[in-house]
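Just model24.txt here, compact mmCIF, C-alpha atoms:
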# COMPACT_ATOMS: atom_id res chain seq x y z
CA MET A 1022 -70.66 -50.53 16.86
CA ASP A 1023 -72.53 -51.06 13.58
CA ALA A 1024 -70.00 -53.59 12.34
CA ILE A 1025 -71.28 -56.20 14.78
CA VAL A 1026 -74.97 -55.61 14.12
CA ALA A 1027 -75.07 -57.22 10.68
CA GLU A 1028 -76.56 -60.71 10.80
CA ARG A 1029 -73.93 -63.36 11.51
CA PRO A 1030 -75.18 -66.92 12.14
CA SER A 1031 -72.71 -69.31 13.76
CA ARG A 1032 -73.76 -71.82 11.12
CA GLU A 1033 -76.91 -72.47 9.18
CA ILE A 1034 -79.90 -72.94 11.48
CA SER A 1035 -80.96 -76.53 10.87
CA THR A 1036 -84.67 -75.98 10.44
CA GLN A 1037 -87.09 -73.11 10.45
CA ALA A 1038 -89.39 -75.19 12.66
CA GLU A 1039 -86.81 -75.46 15.45
CA LYS A 1040 -87.77 -73.31 18.41
CA PRO A 1041 -85.11 -71.00 19.87
CA SER A 1042 -83.80 -71.95 23.30
CA PHE A 1043 -82.97 -68.31 24.12
CA LEU A 1044 -84.14 -64.94 22.79
CA PHE A 1045 -82.77 -61.50 23.64
CA SER A 1046 -83.39 -58.20 21.91
CA SER A 1047 -82.38 -54.63 22.59
CA PRO A 1048 -82.34 -51.38 20.61
CA HIS A 1049 -78.99 -52.60 19.23
CA PHE A 1050 -79.04 -56.39 18.83
CA ALA A 1051 -81.36 -59.33 18.37
CA ILE A 1052 -80.10 -62.74 19.53
CA GLU A 1053 -81.65 -66.09 18.65
CA ALA A 1054 -79.96 -69.16 20.13
CA TYR A 1055 -80.82 -72.76 19.30
CA GLY A 1056 -80.01 -75.90 21.25
CA VAL A 1057 -77.38 -76.35 23.95
CA PHE A 1058 -73.76 -77.14 23.15
CA GLU A 1059 -72.48 -76.79 26.74
CA ARG A 1060 -73.97 -75.55 30.02
CA ILE A 1061 -72.15 -73.35 32.53
CA ARG A 1062 -73.40 -73.39 36.14
CA THR A 1063 -70.44 -71.59 37.74
CA PRO A 1064 -71.64 -68.85 40.13
CA ALA A 1065 -70.88 -65.27 39.09
CA VAL A 1066 -69.57 -64.17 42.50
CA GLY A 1067 -66.06 -62.84 41.98
CA GLY A 1068 -66.66 -62.95 38.24
CA GLY A 1069 -65.38 -59.43 37.69
CA GLY A 1070 -61.79 -60.25 38.64
CA ALA A 1071 -58.86 -60.97 36.35
CA ASP A 1072 -58.77 -64.55 37.71
CA SER A 1073 -62.54 -65.02 37.38
CA VAL A 1074 -63.57 -68.66 37.66
CA LEU A 1075 -66.74 -67.90 35.71
CA GLN A 1076 -64.86 -66.23 32.84
CA ALA A 1077 -62.44 -69.17 32.71
CA ALA A 1078 -65.40 -71.56 32.40
CA VAL A 1079 -66.94 -69.39 29.67
CA ASP A 1080 -63.65 -69.14 27.75
CA ALA A 1081 -63.24 -72.94 27.90
CA ALA A 1082 -66.78 -73.53 26.63
CA LEU A 1083 -66.31 -71.04 23.79
CA ALA A 1084 -63.01 -72.66 22.80
CA ARG A 1085 -64.67 -76.09 22.68
CA ALA A 1086 -67.52 -74.69 20.59
CA ARG A 1087 -65.04 -73.21 18.12
CA ARG A 1088 -63.16 -76.51 17.88
CA ALA A 1089 -66.51 -78.18 17.19
CA GLY A 1090 -66.93 -75.96 14.11
CA GLN A 1091 -68.70 -72.82 15.31
CA ASP A 1092 -67.37 -69.69 13.61
CA ASN A 1093 -68.33 -67.15 16.27
CA PRO A 1094 -69.47 -68.95 19.45
CA ILE A 1095 -71.34 -67.09 22.16
CA VAL A 1096 -72.60 -67.70 25.68
CA VAL A 1097 -76.15 -66.71 26.66
CA GLY A 1098 -78.42 -67.06 29.66
CA ALA A 1099 -79.18 -65.71 33.12
CA ILE A 1100 -77.42 -65.11 36.43
CA PRO A 1101 -79.49 -65.04 39.65
CA PHE A 1102 -79.92 -62.07 41.96
CA ASP A 1103 -77.66 -63.78 44.49
CA SER A 1104 -74.51 -64.28 42.44
CA ARG A 1105 -73.34 -66.90 44.95
CA GLN A 1106 -76.00 -69.21 43.52
CA PRO A 1107 -75.32 -71.22 40.33
CA SER A 1108 -75.58 -69.36 37.04
CA PHE A 1109 -77.68 -70.75 34.21
CA LEU A 1110 -75.62 -69.98 31.12
CA PHE A 1111 -74.93 -72.02 28.02
CA ALA A 1112 -73.12 -72.00 24.73
CA PRO A 1113 -75.81 -72.75 22.12
CA LYS A 1114 -75.34 -75.14 19.22
CA THR A 1115 -76.26 -72.42 16.75
CA HIS A 1116 -77.21 -68.78 16.99
CA ARG A 1117 -77.95 -65.66 15.02
CA ILE A 1118 -77.03 -62.07 15.90
CA SER A 1119 -78.83 -59.44 13.85
CA ALA A 1120 -80.14 -55.91 13.91
CA PRO A 1121 -83.36 -55.59 15.93
CA ARG A 1122 -86.61 -55.81 13.99
CA MET A 1123 -88.73 -52.70 13.74
CA ALA A 1124 -91.72 -53.12 16.06
CA THR A 1125 -95.20 -52.57 14.76
CA SER A 1126 -97.92 -51.00 16.89
CA ALA A 1127 -98.79 -52.99 19.97
CA PRO A 1128 -101.82 -55.26 19.64
CA GLU A 1129 -104.58 -54.83 22.15
CA ALA A 1130 -103.86 -57.33 24.90
CA LYS A 1131 -106.74 -59.68 25.54
CA ALA A 1132 -107.07 -62.38 28.14
CA SER A 1133 -107.83 -65.17 25.67
CA VAL A 1134 -106.87 -67.64 28.40
CA PRO A 1135 -108.72 -66.86 31.64
CA ALA A 1136 -106.83 -66.53 34.90
CA LEU A 1137 -108.08 -68.89 37.61
CA TRP A 1138 -106.54 -67.22 40.67
CA TYR A 1139 -104.04 -64.61 41.83
CA ARG A 1140 -101.95 -64.26 44.95
CA SER A 1141 -99.46 -61.61 46.07
CA VAL A 1142 -96.48 -62.77 48.17
CA PRO A 1143 -96.37 -60.91 50.47
CA GLY A 1144 -99.79 -59.26 50.52
CA GLN A 1145 -100.21 -55.52 50.97
CA SER A 1146 -100.07 -55.52 54.76
CA GLY A 1147 -96.99 -57.76 54.82
CA PHE A 1148 -95.18 -55.66 52.24
CA GLU A 1149 -95.96 -52.39 54.01
CA GLU A 1150 -94.76 -53.85 57.31
CA ALA A 1151 -91.48 -54.88 55.65
CA VAL A 1152 -91.04 -51.34 54.32
CA ALA A 1153 -91.65 -49.92 57.81
CA GLN A 1154 -89.05 -52.30 59.27
CA ALA A 1155 -86.52 -51.29 56.61
CA VAL A 1156 -87.10 -47.59 57.32
CA ALA A 1157 -86.56 -48.22 61.04
CA ASN A 1158 -83.34 -50.04 60.16
CA PHE A 1159 -82.10 -47.03 58.17
CA ARG A 1160 -82.81 -44.74 61.11
CA ASP A 1161 -80.54 -46.94 63.21
CA GLY A 1162 -77.79 -46.31 60.64
CA HIS A 1163 -77.30 -49.90 59.45
CA ALA A 1164 -77.97 -49.20 55.74
CA ARG A 1165 -79.13 -46.39 53.46
CA LYS A 1166 -81.27 -48.19 50.90
CA ALA A 1167 -82.80 -51.61 50.29
CA VAL A 1168 -84.94 -52.76 47.39
CA LEU A 1169 -87.91 -54.78 48.65
CA SER A 1170 -90.01 -56.81 46.26
CA ARG A 1171 -93.08 -58.98 45.91
CA ILE A 1172 -94.26 -61.73 43.62
CA LEU A 1173 -97.68 -61.95 42.02
CA GLU A 1174 -98.59 -65.56 41.27
CA ILE A 1175 -101.23 -66.30 38.63
CA GLU A 1176 -102.60 -69.60 37.39
CA PHE A 1177 -104.22 -69.68 33.96
CA ALA A 1178 -106.76 -72.16 32.64
CA GLU A 1179 -104.42 -73.25 29.83
CA ARG A 1180 -100.71 -73.38 29.09
CA VAL A 1181 -99.21 -69.93 28.48
CA ASP A 1182 -97.49 -69.21 25.15
CA ALA A 1183 -94.38 -67.42 26.42
CA VAL A 1184 -93.09 -66.51 22.93
CA ALA A 1185 -96.40 -64.83 22.06
CA ILE A 1186 -96.26 -62.84 25.32
CA LEU A 1187 -92.69 -61.79 24.51
CA GLU A 1188 -93.84 -60.41 21.17
CA ILE A 1189 -96.54 -58.34 22.88
CA LEU A 1190 -93.95 -57.02 25.33
CA ARG A 1191 -91.64 -56.11 22.47
CA ARG A 1192 -94.37 -54.20 20.69
CA GLN A 1193 -95.52 -52.44 23.85
CA ASN A 1194 -92.04 -51.09 24.59
CA PRO A 1195 -89.68 -51.46 21.60
CA ALA A 1196 -86.93 -49.48 23.36
CA GLY A 1197 -86.59 -52.06 26.14
CA TYR A 1198 -84.48 -55.18 26.67
CA HIS A 1199 -86.62 -58.22 25.95
CA PHE A 1200 -85.70 -61.73 26.96
CA HIS A 1201 -86.92 -65.32 26.90
CA ALA A 1202 -84.41 -67.42 28.84
CA PRO A 1203 -84.65 -71.05 30.02
CA LEU A 1204 -84.54 -71.79 33.74
CA PRO A 1205 -83.25 -74.84 35.65
CA ASP A 1206 -86.78 -75.96 36.62
CA GLY A 1207 -87.90 -76.14 32.99
CA GLY A 1208 -89.68 -72.80 33.07
CA VAL A 1209 -88.87 -69.59 31.22
CA LEU A 1210 -87.71 -66.18 32.45
CA LEU A 1211 -89.63 -63.65 30.39
CA GLY A 1212 -89.45 -59.87 30.51
CA ALA A 1213 -89.12 -56.38 29.07
CA SER A 1214 -86.52 -54.61 31.17
CA PRO A 1215 -85.94 -50.87 30.78
CA GLU A 1216 -82.53 -51.13 32.47
CA LEU A 1217 -79.19 -51.84 30.79
CA LEU A 1218 -76.56 -53.05 33.22
CA ILE A 1219 -73.69 -53.05 30.72
CA ARG A 1220 -73.02 -53.13 27.00
CA LYS A 1221 -69.44 -53.59 25.80
CA ILE A 1222 -68.32 -53.33 22.17
CA GLY A 1223 -64.57 -53.27 21.64
CA GLY A 1224 -63.22 -50.92 24.29
CA SER A 1225 -66.43 -48.91 24.62
CA ILE A 1226 -68.93 -49.46 27.41
CA ARG A 1227 -72.44 -48.21 28.16
CA SER A 1228 -74.61 -48.51 31.26
CA ASN A 1229 -78.02 -47.00 31.96
CA PRO A 1230 -78.98 -47.38 35.64
CA LEU A 1231 -82.49 -46.45 36.76
CA ALA A 1232 -83.57 -45.57 40.29
CA GLY A 1233 -86.48 -43.40 41.35
CA SER A 1234 -89.84 -44.09 39.72
CA ALA A 1235 -93.36 -42.71 39.36
CA LYS A 1236 -96.50 -44.08 37.75
CA ARG A 1237 -97.56 -42.43 34.50
CA VAL A 1238 -101.10 -41.10 34.04
CA ALA A 1239 -103.29 -40.79 30.96
CA GLU A 1240 -103.78 -37.02 30.79
CA PRO A 1241 -100.70 -35.52 29.01
CA GLU A 1242 -100.32 -32.35 31.08
CA GLU A 1243 -100.74 -34.21 34.35
CA ASP A 1244 -98.35 -36.93 33.15
CA ALA A 1245 -95.70 -34.30 32.33
CA HIS A 1246 -96.21 -32.84 35.80
CA VAL A 1247 -95.64 -36.27 37.36
CA GLY A 1248 -92.34 -36.50 35.47
CA ARG A 1249 -91.21 -33.04 36.59
CA CYS A 1250 -92.05 -33.85 40.21
CA LEU A 1251 -89.99 -37.03 40.01
CA LEU A 1252 -87.06 -35.09 38.60
CA GLN A 1253 -87.27 -32.65 41.53
CA SER A 1254 -87.90 -35.25 44.26
CA SER A 1255 -85.16 -35.17 46.90
CA LYS A 1256 -86.09 -38.69 48.04
CA ASP A 1257 -85.80 -40.15 44.52
CA ASN A 1258 -82.64 -38.20 43.68
CA PHE A 1259 -81.00 -39.49 46.85
CA GLU A 1260 -81.94 -43.05 45.90
CA HIS A 1261 -80.58 -42.51 42.38
CA ARG A 1262 -77.32 -40.98 43.57
CA LEU A 1263 -76.53 -44.06 45.66
CA VAL A 1264 -76.68 -46.15 42.49
CA ILE A 1265 -74.53 -43.80 40.41
CA ASP A 1266 -71.89 -43.40 43.11
CA GLU A 1267 -71.45 -47.18 43.38
CA ILE A 1268 -71.21 -47.71 39.63
CA ARG A 1269 -68.68 -44.87 39.42
CA ARG A 1270 -66.64 -46.45 42.21
CA LEU A 1271 -66.50 -49.79 40.40
CA LEU A 1272 -65.99 -48.63 36.80
CA GLU A 1273 -63.69 -45.63 37.22
CA PRO A 1274 -60.54 -47.67 38.02
CA LEU A 1275 -61.10 -49.72 34.84
CA CYS A 1276 -61.62 -46.85 32.43
CA ALA A 1277 -59.32 -44.53 30.54
CA GLU A 1278 -62.37 -42.28 30.35
CA LEU A 1279 -65.74 -42.49 32.12
CA ARG A 1280 -68.55 -40.07 31.30
CA ILE A 1281 -71.31 -39.65 33.89
CA PRO A 1282 -73.79 -36.74 33.67
CA ASP A 1283 -74.00 -34.55 36.76
CA GLU A 1284 -77.78 -34.94 37.03
CA PRO A 1285 -80.23 -37.69 36.05
CA ALA A 1286 -82.66 -37.35 33.17
CA LEU A 1287 -86.19 -38.67 32.75
CA MET A 1288 -86.84 -41.96 30.97
CA ASN A 1289 -90.34 -43.26 30.34
CA THR A 1290 -91.98 -46.56 29.49
CA PRO A 1291 -95.68 -46.90 28.69
CA THR A 1292 -96.41 -47.30 32.43
CA MET A 1293 -93.61 -45.58 34.39
CA TRP A 1294 -91.33 -42.55 34.68
CA HIS A 1295 -87.77 -43.29 35.83
CA LEU A 1296 -84.75 -41.26 36.82
CA SER A 1297 -82.07 -42.35 34.37
CA THR A 1298 -78.34 -41.73 33.96
CA ALA A 1299 -76.69 -42.71 30.67
CA ILE A 1300 -73.10 -43.69 31.50
CA SER A 1301 -70.45 -44.26 28.82
CA GLY A 1302 -66.74 -44.83 28.81
CA GLU A 1303 -63.61 -46.30 27.28
CA LEU A 1304 -61.90 -49.21 29.01
CA ALA A 1305 -58.22 -49.00 29.83
CA ASP A 1306 -58.03 -52.73 28.99
CA GLY A 1307 -60.40 -53.71 26.17
CA ARG A 1308 -59.82 -57.39 26.92
CA LEU A 1309 -62.26 -57.22 29.83
CA SER A 1310 -65.47 -58.96 28.78
CA ALA A 1311 -69.05 -57.75 29.08
CA LEU A 1312 -69.67 -60.71 31.39
CA GLN A 1313 -66.79 -59.73 33.68
CA LEU A 1314 -68.08 -56.16 33.88
CA ALA A 1315 -71.63 -57.38 34.52
CA SER A 1316 -70.40 -59.69 37.29
CA LEU A 1317 -68.47 -56.81 38.85
CA LEU A 1318 -71.48 -54.47 38.90
CA HIS A 1319 -74.18 -56.98 39.86
CA PRO A 1320 -76.17 -56.47 42.01
CA THR A 1321 -76.28 -52.67 41.79
CA PRO A 1322 -78.01 -50.56 44.45
CA ALA A 1323 -80.83 -50.17 41.91
CA ILE A 1324 -82.03 -53.71 42.65
CA CYS A 1325 -80.30 -54.51 45.96
CA GLY A 1326 -79.47 -51.44 48.01
CA SER A 1327 -76.59 -49.68 49.70
CA PRO A 1328 -74.25 -50.74 51.13
CA THR A 1329 -74.67 -53.99 49.20
CA ALA A 1330 -73.87 -56.47 51.98
CA GLN A 1331 -76.15 -54.83 54.55
CA ALA A 1332 -78.95 -54.40 52.00
CA ARG A 1333 -78.74 -58.05 50.98
CA MET A 1334 -79.01 -59.18 54.60
CA LEU A 1335 -82.06 -56.94 55.06
CA ILE A 1336 -83.68 -58.37 51.93
CA GLU A 1337 -83.04 -61.93 53.12
CA ARG A 1338 -84.65 -61.10 56.45
CA LEU A 1339 -87.70 -59.20 55.14
CA GLU A 1340 -88.63 -60.92 51.85
CA PRO A 1341 -90.59 -64.18 52.31
CA PHE A 1342 -89.10 -65.85 49.22
CA ASP A 1343 -85.83 -66.47 47.40
CA ARG A 1344 -85.66 -64.17 44.38
CA GLY A 1345 -83.92 -66.74 42.21
CA PHE A 1346 -83.43 -65.11 38.80
CA PHE A 1347 -85.73 -62.16 39.56
CA ALA A 1348 -83.53 -59.01 39.72
CA GLY A 1349 -80.71 -61.09 38.30
CA ILE A 1350 -79.16 -60.35 34.92
CA VAL A 1351 -79.77 -61.79 31.47
CA GLY A 1352 -77.86 -61.39 28.24
CA TRP A 1353 -75.02 -62.65 26.07
CA CYS A 1354 -71.27 -62.44 25.49
CA ASP A 1355 -69.08 -63.53 22.56
CA GLU A 1356 -65.50 -64.79 22.52
CA SER A 1357 -64.11 -61.29 21.93
CA GLY A 1358 -65.84 -60.11 25.11
CA ASP A 1359 -68.52 -58.04 23.40
CA GLY A 1360 -72.06 -58.37 24.70
CA GLU A 1361 -75.04 -56.93 26.55
CA TRP A 1362 -76.49 -57.67 29.99
CA ALA A 1363 -79.82 -56.27 31.21
CA ILE A 1364 -81.27 -56.37 34.70
CA ALA A 1365 -84.17 -58.83 35.04
CA ILE A 1366 -86.95 -56.46 36.10
CA ARG A 1367 -90.43 -56.02 34.58
CA CYS A 1368 -90.32 -59.75 34.31
CA GLY A 1369 -91.84 -63.03 35.31
CA THR A 1370 -91.46 -66.76 35.04
CA VAL A 1371 -93.73 -68.98 32.98
CA ASN A 1372 -94.06 -72.66 33.85
CA GLU A 1373 -96.87 -74.32 31.95
CA MET A 1374 -100.02 -72.64 33.34
CA VAL A 1375 -98.40 -70.86 36.29
CA VAL A 1376 -96.93 -67.38 35.98
CA ARG A 1377 -94.98 -65.54 38.69
CA LEU A 1378 -94.49 -61.80 38.16
CA PHE A 1379 -91.92 -59.72 40.05
CA ALA A 1380 -91.83 -56.07 41.11
CA GLY A 1381 -89.74 -54.14 43.61
CA ALA A 1382 -89.30 -50.65 45.01
CA GLY A 1383 -86.26 -48.85 46.35
CA ILE A 1384 -86.72 -48.12 50.06
CA VAL A 1385 -84.88 -45.27 51.79
CA GLU A 1386 -85.46 -43.49 55.09
CA ALA A 1387 -87.99 -41.10 53.47
CA SER A 1388 -90.10 -43.95 52.03
CA ASP A 1389 -93.81 -44.24 52.73
CA PRO A 1390 -95.01 -47.88 52.95
CA ARG A 1391 -98.33 -47.27 51.17
CA ALA A 1392 -96.63 -45.34 48.35
CA GLU A 1393 -94.05 -48.10 47.88
CA TRP A 1394 -96.81 -50.71 47.57
CA ALA A 1395 -98.47 -48.50 44.94
CA GLU A 1396 -95.16 -48.33 43.06
CA THR A 1397 -94.97 -52.13 42.85
CA GLU A 1398 -98.56 -52.20 41.60
CA ALA A 1399 -97.66 -49.74 38.84
CA LYS A 1400 -94.56 -51.74 37.86
CA LEU A 1401 -96.57 -54.97 37.61
CA ALA A 1402 -98.77 -53.30 34.98
CA THR A 1403 -96.17 -53.86 32.23
CA MET A 1404 -96.39 -57.63 32.48
CA LEU A 1405 -100.09 -57.76 33.37
CA ARG A 1406 -100.94 -55.76 30.26
CA ALA A 1407 -99.04 -58.25 28.11
CA PHE A 1408 -101.01 -61.13 29.62
CA GLY A 1409 -104.27 -59.20 29.18
CA VAL A 1410 -105.05 -59.51 32.88
CA GLU A 1411 -107.37 -57.19 34.77
CA ARG A 1412 -107.68 -58.19 38.38
CA GLY A 1413 -108.24 -57.53 42.00
CA ILE A 1414 -105.49 -59.37 43.85
CA VAL A 1415 -106.48 -62.27 46.06
CA GLN A 1416 -104.45 -61.75 49.25
Entire entry expressed as structure tokens:
Amino acid sequence: MDAIVAERPSREISTQAEKPSFLFSSPHFAIEAYGVFERIRTPAVGGGGADSVLQAAVDAALARARRAGQDNPIVVGAIPFDSRQPSFLFAPKTHRISAPRMATSAPEAKASVPALWYRSVPGQSGFEEAVAQAVANFRDGHARKAVLSRILEIEFAERVDAVAILEILRRQNPAGYHFHAPLPDGGVLLGASPELLIRKIGGSIRSNPLAGSAKRVAEPEEDAHVGRCLLQSSKDNFEHRLVIDEIRRLLEPLCAELRIPDEPALMNTPTMWHLSTAISGELADGRLSALQLASLLHPTPAICGSPTAQARMLIERLEPFDRGFFAGIVGWCDESGDGEWAIAIRCGTVNEMVVRLFAGAGIVEASDPRAEWAETEAKLATMLRAFGVERGIVQ
């Protein structure tokens, strides 16, 4: 893997003053992309197949970029939660792939720009009612899990500096997947995801699904107890197993070897404990691209539910908004097929002075509506801390 990490610009970046059009960093890579050579709006649905329309569009764009003089063209961007909707990918004019920078200690987040108002969509009562309806649906046997979410809208008194917020996120959680991706409406998708959907280097793949969460607490002994309880929770282990079983079903036929631990482990961020399974494997056909694998897996039960089709219909019925790129995927892929794609959680959109933050919770038959609302509150803390916001939500 290390051979790809060394810095390798596609050509000299024209000016230090030019702002990147896309940023992505992980524990393994840092991507800076500048300008747009060619956009790709092809939906990702069916993108995991050998005759993928999306992969054909990507290959054609990369070939044109190479003919235009790029030494190692890449495609970057985001794919929405509903892969039937248009993607928002592009081949940049120039880019740089390098080793990730070492993060310094996180600065204290301060609300230098005051927030004017907040609104949760839905509010607490609406979200808890949706959870109750989902649980009733599970009891009727129509699905086993659905991820329900909410959006917290905030308007600030001045324009938000999304790049500065990204740096705070990176320092708060250097082990995460950090992204700053342009959106069709002119806004930016910004986040610090803990969840790797897929990384592919040569014939080797890695995936790190998360499902089952608990809020961390300040006192160390109590915090460790919270983690142990999560690890032993039958409800959370059931939710996690649904995710792992689906990823196994999809990846196993493609792999000469697939390694999946028998039990999940604990992963933590500054705000949350998660049940985590580190999956690795070797592809039978190394020509499959990271983007094809990502399109095959997306959306996983970790952000949609199980079975996928029934969960998606339940989400469409119970959520009072279109997720757009929330719970989509964001990342990059080069012409050899190597790349990384993370799931767009712990994220938000920034559009001038308006910020929309996203959080969801996995709902199963054993879910408690009030506890699931509290879980979304805890997950919102990652982004709120970066913005320096302390608030009581205006319903």
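Across the model, the gap from atom CA of A:Pro1285 to atom CA of A:Gly1302 is 16.9 Å.
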Discussion item. List the spatial neighbours of A:Ala1305 as a PyMOL selection string - criterion: any atom at most 10 Å away, only C-alpha atoms, same-chain residues fewer than 4 positions off excluded.
Written reply: chain A and resi 1224-1225+1273-1278+1309
Please, what is the axis-aligned box for every listed atom of stretch 1250-1258 of chain A with 6 Å on each side, as centre and edge lengths in Å to one decimal, as lines of an AutoDock Vina configuration file?
center_x = -87.3
center_y = -36.4
center_z = 43.3
size_x = 21.4
size_y = 19.5
size_z = 21.4
Practice prompt. Between atom CA of A:Phe1408 and atom CA of A:Val1184, measure the distance and give it in Å to one decimal.
Written response: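 For atom CA of A:Phe1408 relative to atom CA of A:Val1184, the distance reads 11.7 Å.
Distance-wise, atom CA of A:Ile1100 and atom CA of A:Gly1349 end up 5.5 Å apart.
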